[in-house]
>>> print(open('entry_0.cif').read())   # mmCIF, C-alpha atoms
data_work
loop_
_atom_site.label_atom_id
_atom_site.label_comp_id
_atom_site.auth_asym_id
_atom_site.auth_seq_id
_atom_site.Cartn_x
_atom_site.Cartn_y
_atom_site.Cartn_z
CA MET A 1 -19.30 -33.07 2.79
CA ALA A 2 -21.63 -30.10 3.20
CA ASN A 3 -20.82 -30.08 6.89
CA ALA A 4 -17.08 -30.10 6.17
CA GLU A 5 -17.49 -27.24 3.70
CA ASN A 6 -19.29 -25.24 6.34
CA GLU A 7 -16.52 -25.94 8.85
CA VAL A 8 -13.90 -24.86 6.33
CA LYS A 9 -15.80 -21.67 5.59
CA GLU A 10 -16.09 -20.95 9.29
CA ALA A 11 -12.36 -21.48 9.76
CA THR A 12 -11.72 -19.14 6.84
CA ARG A 13 -14.02 -16.51 8.32
CA ARG A 14 -12.12 -16.75 11.60
CA PHE A 15 -8.95 -16.01 9.65
CA TYR A 16 -10.45 -12.88 8.09
CA ASP A 17 -11.93 -11.87 11.44
CA ALA A 18 -8.35 -12.10 12.72
CA ILE A 19 -7.21 -9.76 9.96
CA GLU A 20 -9.88 -7.30 11.06
CA HIS A 21 -8.59 -7.64 14.62
CA ILE A 22 -5.13 -6.66 13.40
CA VAL A 23 -6.36 -3.83 11.20
CA SER A 24 -8.46 -2.31 13.95
CA GLY A 25 -5.76 -2.44 16.61
CA ARG A 26 -6.91 -5.47 18.57
CA GLY A 27 -3.63 -7.29 18.03
CA PRO A 28 -2.50 -10.50 16.31
CA ALA A 29 -3.57 -13.10 18.91
CA ALA A 30 -6.63 -14.18 16.92
CA MET A 31 -4.39 -14.63 13.88
CA SER A 32 -2.21 -17.03 15.83
CA GLU A 33 -5.33 -19.05 16.67
CA ALA A 34 -6.42 -19.21 13.01
CA TRP A 35 -3.27 -21.05 11.87
CA HIS A 36 -1.71 -24.41 12.44
CA HIS A 37 1.83 -23.77 13.69
CA ASN A 38 4.57 -25.74 11.98
CA ASP A 39 7.54 -25.33 9.64
CA ARG A 40 5.47 -26.06 6.52
CA VAL A 41 2.87 -23.29 6.70
CA THR A 42 3.34 -20.61 4.06
CA GLY A 43 1.99 -17.19 3.26
CA GLY A 44 2.18 -14.43 0.68
CA HIS A 45 0.77 -11.00 1.57
CA PRO A 46 -0.33 -8.08 -0.63
CA ASN A 47 3.20 -6.76 -0.10
CA GLY A 48 6.45 -8.63 0.46
CA GLY A 49 7.59 -12.10 -0.56
CA TRP A 50 6.84 -15.59 0.73
CA ALA A 51 6.98 -16.41 4.40
CA ILE A 52 7.83 -20.05 5.06
CA GLY A 53 7.23 -21.64 8.43
CA TRP A 54 5.32 -20.28 11.39
CA ASP A 55 8.16 -18.16 12.78
CA GLU A 56 8.50 -16.23 9.52
CA LEU A 57 4.76 -15.90 9.15
CA TRP A 58 4.31 -14.61 12.65
CA SER A 59 6.91 -11.89 12.04
CA THR A 60 4.91 -10.70 9.03
CA TRP A 61 1.64 -10.53 10.98
CA GLU A 62 3.42 -8.59 13.69
CA VAL A 63 4.51 -6.03 11.12
CA PHE A 64 0.89 -5.53 10.10
CA ALA A 65 -0.25 -5.44 13.73
CA GLY A 66 2.00 -2.44 14.26
CA PHE A 67 -0.29 -0.43 11.99
CA GLY A 68 -3.58 -1.42 13.61
CA ARG A 69 -5.77 1.22 15.20
CA ALA A 70 -9.41 1.36 16.22
CA ASP A 71 -10.36 3.84 13.52
CA ARG A 72 -8.62 1.91 10.72
CA GLY A 73 -10.94 -1.12 10.60
CA GLY A 74 -13.53 -2.05 8.01
CA SER A 75 -12.11 -4.96 5.98
CA SER A 76 -14.50 -7.59 4.59
CA ILE A 77 -14.74 -10.64 2.35
CA ARG A 78 -17.24 -11.79 -0.26
CA ASP A 79 -17.70 -14.67 -2.71
CA LEU A 80 -16.26 -17.21 -0.28
CA GLU A 81 -16.08 -20.71 -1.81
CA ALA A 82 -14.79 -23.89 -0.18
CA HIS A 83 -13.59 -27.15 -1.70
CA VAL A 84 -12.82 -30.10 0.55
CA TYR A 85 -10.58 -33.07 -0.24
CA GLY A 86 -10.41 -35.26 2.84
CA ASP A 87 -8.46 -33.43 5.52
CA ILE A 88 -7.25 -30.75 3.10
CA ALA A 89 -9.38 -27.96 1.71
CA TYR A 90 -8.98 -24.69 -0.10
CA THR A 91 -11.04 -21.57 -0.16
CA THR A 92 -11.21 -18.63 -2.51
CA CYS A 93 -12.67 -15.22 -1.82
CA ILE A 94 -12.39 -11.55 -2.53
CA PHE A 95 -10.90 -9.58 0.36
CA THR A 96 -11.62 -5.88 0.51
CA ALA A 97 -9.08 -3.98 2.57
CA SER A 98 -10.39 -1.33 4.92
CA PRO A 99 -10.36 2.22 3.51
CA ALA A 100 -7.46 3.19 5.76
CA TRP A 101 -5.45 0.23 4.45
CA GLY A 102 -5.94 1.12 0.79
CA GLY A 103 -9.45 -0.24 0.15
CA GLU A 104 -8.38 -2.59 -2.65
CA ASP A 105 -10.25 -5.72 -3.72
CA LEU A 106 -7.79 -8.63 -3.60
CA ALA A 107 -8.40 -12.17 -4.84
CA CYS A 108 -7.23 -14.62 -2.19
CA THR A 109 -6.61 -18.34 -1.88
CA ASN A 110 -6.31 -20.19 1.41
CA VAL A 111 -5.41 -23.81 2.10
CA LEU A 112 -6.66 -25.40 5.28
CA GLN A 113 -5.85 -28.67 6.99
CA ARG A 114 -7.93 -30.63 9.51
CA ILE A 115 -5.72 -31.81 12.37
CA ASP A 116 -7.33 -33.53 15.34
CA GLY A 117 -10.69 -32.51 13.95
CA VAL A 118 -9.84 -28.80 13.77
CA TRP A 119 -9.62 -26.89 10.48
CA LYS A 120 -7.02 -24.15 10.40
CA ILE A 121 -5.07 -22.23 7.76
CA ILE A 122 -1.79 -23.71 6.47
CA HIS A 123 -1.35 -21.44 3.43
CA HIS A 124 -2.56 -17.98 2.52
CA HIS A 125 -1.98 -16.01 -0.63
CA ALA A 126 -3.40 -12.64 -1.61
CA ASP A 127 -3.09 -10.57 -4.76
CA LYS A 128 -0.46 -7.88 -4.64
CA GLY A 129 -1.91 -4.62 -3.34
CA PRO A 130 0.29 -1.61 -3.96
CA LYS A 131 -2.19 0.77 -2.37
CA MET A 132 -1.90 -1.09 0.91
CA GLY A 133 1.84 -0.51 1.11
CA GLU A 134 1.40 3.14 0.18
CA SER A 135 -1.25 3.54 2.85
CA LEU A 136 0.90 1.94 5.54
CA GLU A 137 3.89 4.15 4.69
CA LYS A 138 1.60 7.15 4.88
CA MET A 139 0.46 6.05 8.34
CA LEU A 140 4.09 6.04 9.48
CA GLY A 141 4.36 9.64 8.38
CA GLU A 142 1.23 10.56 10.32
CA GLY A 143 2.54 9.09 13.54
CA MET B 1 22.76 -30.28 18.81
CA SER B 2 21.87 -26.86 20.11
CA LEU B 3 20.68 -24.14 17.77
CA ILE B 4 23.77 -22.09 18.44
CA GLU B 5 25.87 -24.72 16.67
CA HIS B 6 23.99 -23.98 13.47
CA VAL B 7 25.28 -20.41 13.50
CA GLU B 8 28.53 -20.18 11.66
CA THR B 9 30.67 -17.20 12.44
CA VAL B 10 33.63 -16.29 10.24
CA SER B 11 35.54 -13.38 11.63
CA ASN B 12 38.70 -11.43 11.04
CA GLU B 13 39.55 -7.79 11.62
CA ALA B 14 37.85 -6.56 8.45
CA ARG B 15 34.94 -8.95 8.02
CA VAL B 16 32.40 -10.75 10.20
CA GLU B 17 29.94 -13.25 8.75
CA VAL B 18 27.20 -14.80 10.86
CA GLY B 19 24.55 -17.33 9.84
CA ASP B 20 23.98 -19.59 6.87
CA GLU B 21 22.19 -19.57 3.53
CA LYS B 22 18.79 -19.48 5.25
CA GLY B 23 19.55 -16.31 7.14
CA GLY B 24 22.56 -14.27 8.10
CA PHE B 25 24.61 -11.14 7.70
CA VAL B 26 28.06 -9.92 6.76
CA VAL B 27 29.70 -6.82 8.19
CA GLU B 28 32.88 -5.44 6.70
CA VAL B 29 34.85 -2.23 6.68
CA ASP B 30 35.94 -0.83 3.33
CA GLU B 31 39.70 -0.51 3.61
CA ALA B 32 39.86 2.38 1.16
CA THR B 33 37.17 4.60 2.68
CA GLY B 34 36.50 3.23 6.15
CA ALA B 35 32.79 2.90 5.31
CA VAL B 36 30.94 0.08 7.02
CA GLN B 37 29.13 -2.25 4.65
CA VAL B 38 26.43 -4.61 5.88
CA LYS B 39 24.59 -7.24 3.91
CA GLY B 40 21.70 -9.20 5.43
CA TRP B 41 19.56 -11.98 3.94
CA GLY B 42 16.86 -14.53 4.70
CA PHE B 43 15.09 -14.98 8.01
CA TRP B 44 17.31 -14.50 11.03
CA SER B 45 17.21 -17.10 13.76
CA VAL B 46 17.33 -15.84 17.33
CA GLU B 47 21.02 -16.67 17.45
CA VAL B 48 21.85 -14.71 14.29
CA ALA B 49 19.64 -11.79 15.21
CA SER B 50 21.11 -11.46 18.67
CA ARG B 51 24.60 -11.00 17.22
CA PHE B 52 23.67 -8.28 14.75
CA GLY B 53 23.80 -5.14 16.87
CA GLU B 54 27.11 -5.76 18.55
CA SER B 55 28.77 -6.98 15.33
CA VAL B 56 27.86 -3.79 13.49
CA LYS B 57 28.84 -1.53 16.36
CA ARG B 58 32.19 -3.28 16.69
CA ALA B 59 32.89 -2.72 12.99
CA CYS B 60 32.07 0.97 13.33
CA ARG B 61 34.66 1.33 16.07
CA GLN B 62 37.43 -0.32 14.03
CA ASP B 63 38.27 2.58 11.75
CA ARG B 64 38.28 6.16 12.98
CA ARG B 65 37.56 7.39 9.45
CA THR B 66 34.18 5.68 9.44
CA ARG B 67 31.36 8.14 8.85
CA ASP B 68 29.06 6.22 6.48
CA MET B 69 27.29 2.91 6.54
CA VAL B 70 25.51 1.04 3.77
CA MET B 71 23.12 -1.79 4.61
CA ASP B 72 22.00 -3.98 1.75
CA LEU B 73 19.05 -5.82 3.25
CA GLY B 74 17.58 -6.60 -0.15
CA SER B 75 16.65 -10.19 0.63
CA LEU B 76 16.09 -9.87 4.37
CA LYS B 77 12.67 -11.06 5.52
CA PRO B 78 10.72 -9.28 8.26
CA MET B 79 12.64 -9.69 11.49
CA ARG B 80 11.61 -11.25 14.77
CA ASP B 81 11.95 -9.15 17.93
CA GLU B 82 15.63 -9.91 18.44
CA GLY B 83 16.53 -8.64 14.97
CA GLN B 84 14.48 -5.50 15.44
CA ASP B 85 16.23 -4.89 18.75
CA GLY B 86 19.64 -5.29 17.10
CA LEU B 87 18.85 -2.78 14.38
CA ALA B 88 17.41 -0.38 16.96
CA GLN B 89 20.62 -0.66 19.00
CA VAL B 90 22.71 0.27 15.97
CA ILE B 91 20.53 3.24 15.06
CA GLU B 92 20.50 4.51 18.66
CA ALA B 93 24.30 4.29 18.77
CA LEU B 94 24.96 6.17 15.50
CA PRO B 95 25.85 9.52 17.12
CA ALA B 96 28.22 7.90 19.61
CA LEU B 97 29.81 5.86 16.83
CA GLY B 98 30.35 8.93 14.67
CA ILE B 99 28.20 7.61 11.83
CA GLU B 100 26.67 10.51 9.95
CA ALA B 101 24.65 8.66 7.28
CA VAL B 102 23.20 5.19 6.90
CA ALA B 103 21.62 4.01 3.67
CA ILE B 104 19.41 0.95 4.03
CA SER B 105 17.95 -0.81 1.01
CA THR B 106 15.40 -3.59 0.89
CA LEU B 107 13.34 -5.28 -1.80
CA SER B 108 10.56 -6.41 0.55
CA GLN B 109 7.94 -3.80 1.27
CA LEU B 110 7.10 -5.52 4.55
CA THR B 111 10.73 -5.42 5.64
CA LYS B 112 10.90 -1.78 4.56
CA LEU B 113 7.84 -0.94 6.67
CA GLN B 114 9.42 -2.68 9.65
CA ILE B 115 12.70 -0.80 9.22
CA LEU B 116 10.93 2.53 8.71
CA ARG B 117 9.07 1.99 11.98
CA ILE B 118 12.31 1.21 13.83
CA ALA B 119 14.05 4.21 12.28
CA LYS B 120 11.19 6.49 13.19
CA ALA B 121 11.42 5.42 16.82
CA HIS B 122 15.21 5.49 17.20
CA ASP B 123 16.75 7.79 14.55
CA ARG B 124 16.39 11.08 16.35
CA ALA B 125 19.12 12.77 14.31
CA GLY B 126 17.69 11.81 10.91
CA ARG B 127 20.74 9.85 9.80
CA VAL B 128 18.94 6.83 8.35
CA HIS B 129 17.63 6.70 4.78
CA VAL B 130 15.54 3.70 3.72
CA VAL B 131 15.00 2.89 0.06
CA GLU B 132 13.18 0.08 -1.73
CA GLY B 133 15.67 -1.46 -4.12
CA ARG B 134 18.69 -3.66 -4.49
CA SER B 135 21.45 -1.47 -3.10
CA GLY B 136 21.60 1.47 -0.75
CA SER B 137 24.93 2.60 -2.13
CA GLY B 138 23.27 5.43 -4.01
CA TRP B 139 22.64 7.14 -0.69
CA ALA B 140 26.25 6.92 0.43
CA ARG B 141 28.09 10.19 0.31
#
>>> encode(input="entry_0.cif", output="structure tokens")
Amino acid sequence: MANAENEVKEATRRFYDAIEHIVSGRGPAAMSEAWHHNDRVTGGHPNGGWAIGWDELWSTWEVFAGFGRADRGGSSIRDLEAHVYGDIAYTTCIFTASPAWGGEDLACTNVLQRIDGVWKIIHHHADKGPKMGESLEKMLGEG
Amino acid sequence: MSLIEHVETVSNEARVEVGDEKGGFVVEVDEATGAVQVKGWGFWSVEVASRFGESVKRACRQDRRTRDMVMDLGSLKPMRDEGQDGLAQVIEALPALGIEAVAISTLSQLTKLQILRIAKAHDRAGRVHVVEGRSGSGWAR
């Protein structure tokens, strides 16, 4: 079980590394790798409603990727906990947005599934973060 | 069954409806004022998204009085590339279509950010106003 928890934590860290890729302008490809792709994956971001199915989710990550830039990075997580139930697991953590993206601390929950021995995200939910939306709109004004 | 068969289109001179409850849009021309009214919802499939631009432009050409457009995109989810391209086409064509003001409303901040980015890139004449809320009608002149 300890090994599975470590694998789940690693998969979760890959997901947050993928967020940092997006934030810092390295694109959403790593995010695609962090998820299983099917019609049942779901996600809720700090802004916006639920995305249901991979196609919807991917569109949301692409919106965020449009705001990435090398000097806008600096997101992090802490207090990562993992709980494994067979081939399903969930993790909780506190995500801190990069300063350029509002800098808020957001409580997050992720659900992961092991398919063919590989843990990946199937659900992500973050607290609402009004400062993030404000920061992104401000970026649009800056060009 | 091909995906295209899932896309229902109901069309007459004054109203075009494309899509289903999961994702679609309606375009109609107000008979009294000539204003073009657009309502979009859900997540647009490729087939729905690819019909958006031409459907809206066709409606704009129907009535020579048309100067305003209101887009209620309150429940529209962030669009895939084809939907973004359709909206960009409409915004690019506004001067040629004689549209002087477009009010776009959305409840989703992510959708709003996406639309703002498209407007910034394609609305050179400053005719598009994006608001977060249920209806953009407050922007109509």
>>> interface_residues(input="entry_0.cif", of="chain B", to="chain A", cutoff="10 Å", atoms="all atoms listed in the file", output="ChimeraX atom specification")
/B:42-45,75,77-81,107-117,120
>>> resolve_selection(input="entry_0.cif", expression="the PyMOL selection byres ((chain A and resi 20) around 8)", output="PyMOL selection string")
chain A and resi 16-19+21-24+73-76
>>> atom_distance(input="entry_0.cif", atom1="CA of Glu17 (chain B)", atom2="CA of Gly83 (chain B)")
15.5 Å
>>> closest_residue(input="entry_0.cif", among="A:Asn3, A:His123, A:Ala89, A:Gly117", to="Gly53 (chain A)", atoms="all atoms listed in the file")
A:His123
>>> resolve_selection(input="entry_0.cif", expression="the PyMOL selection byres ((chain B and resi 103) around 12)", output="PyMOL selection string")
chain B and resi 35-39+67-74+91+99-102+104-106+115-116+119+126-141
>>> residues_near_point(input="entry_0.cif", point="(22.0, -15.7, 11.2)", cutoff="7 Å", atoms="all atoms listed in the file", output="PyMOL selection string")
chain B and resi 7+18-20+23-25+44-45+47-49
>>> residues_around(input="entry_0.cif", residues="Glu81 (chain A)", least_positions_apart="6", cutoff="9 Å", atoms="only C-alpha atoms", output="count of residues only")
6
>>> atom_distance(input="entry_0.cif", atom1="CA of Arg69 (chain A)", atom2="CA of Ser135 (chain A)")
13.4 Å
>>> closest_residue(input="entry_0.cif", among="A:Arg114, A:Gly102, A:Ala11, A:Ala34", to="Arg72 (chain A)", atoms="all atoms listed in the file")
A:Gly102
>>> resolve_selection(input="entry_0.cif", expression="the PyMOL selection byres ((chain A and resi 115) around 12)", output="ChimeraX atom specification")
/A:35-38,86-89,112-114,116-122
>>> write_last_selection(input="entry_0.cif", atoms="C-alpha atoms", output="short mmCIF file (atom, residue, chain, number, x, y, z; two decimals), in the frame of the given file")
data_model
loop_
_atom_site.label_atom_id
_atom_site.label_comp_id
_atom_site.auth_asym_id
_atom_site.auth_seq_id
_atom_site.Cartn_x
_atom_site.Cartn_y
_atom_site.Cartn_z
CA TRP A 35 -3.27 -21.05 11.87
CA HIS A 36 -1.71 -24.41 12.44
CA HIS A 37 1.83 -23.77 13.69
CA ASN A 38 4.57 -25.74 11.98
CA GLY A 86 -10.41 -35.26 2.84
CA ASP A 87 -8.46 -33.43 5.52
CA ILE A 88 -7.25 -30.75 3.10
CA ALA A 89 -9.38 -27.96 1.71
CA LEU A 112 -6.66 -25.40 5.28
CA GLN A 113 -5.85 -28.67 6.99
CA ARG A 114 -7.93 -30.63 9.51
CA ASP A 116 -7.33 -33.53 15.34
CA GLY A 117 -10.69 -32.51 13.95
CA VAL A 118 -9.84 -28.80 13.77
CA TRP A 119 -9.62 -26.89 10.48
CA LYS A 120 -7.02 -24.15 10.40
CA ILE A 121 -5.07 -22.23 7.76
CA ILE A 122 -1.79 -23.71 6.47
#
>>> residues_around(input="entry_0.cif", residues="Trp101 (chain A)", least_positions_apart="3", cutoff="6 Å", atoms="only C-alpha atoms", output="ChimeraX atom specification")
/A:97-98,132,135
>>> atom_distance(input="entry_0.cif", atom1="CA of Ile118 (chain B)", atom2="CA of Leu106 (chain A)")
28.4 Å
>>> residues_near_point(input="entry_0.cif", point="(-14.8, -30.5, -0.5)", cutoff="8 Å", atoms="all atoms listed in the file", output="PyMOL selection string")
chain A and resi 1-2+4-5+82-86+89
>>> axis_aligned_box(input="entry_0.cif", around="region 52-68 of chain A", padding_each_side="5 Å", output="AutoDock Vina command-line options")
--center_x 2.5 --center_y -11.0 --center_z 9.7 --size_x 22.1 --size_y 31.2 --size_z 19.2
>>> residues_around(input="entry_0.cif", residues="Gly34 (chain B)", least_positions_apart="2", cutoff="8 Å", atoms="all atoms listed in the file", output="PyMOL selection string")
chain B and resi 29-32+36+63-67
>>> closest_residue(input="entry_0.cif", among="A:Ala65, A:Ala70, A:Val41, A:Met139", to="Val111 (chain A)", atoms="all atoms listed in the file")
A:Val41
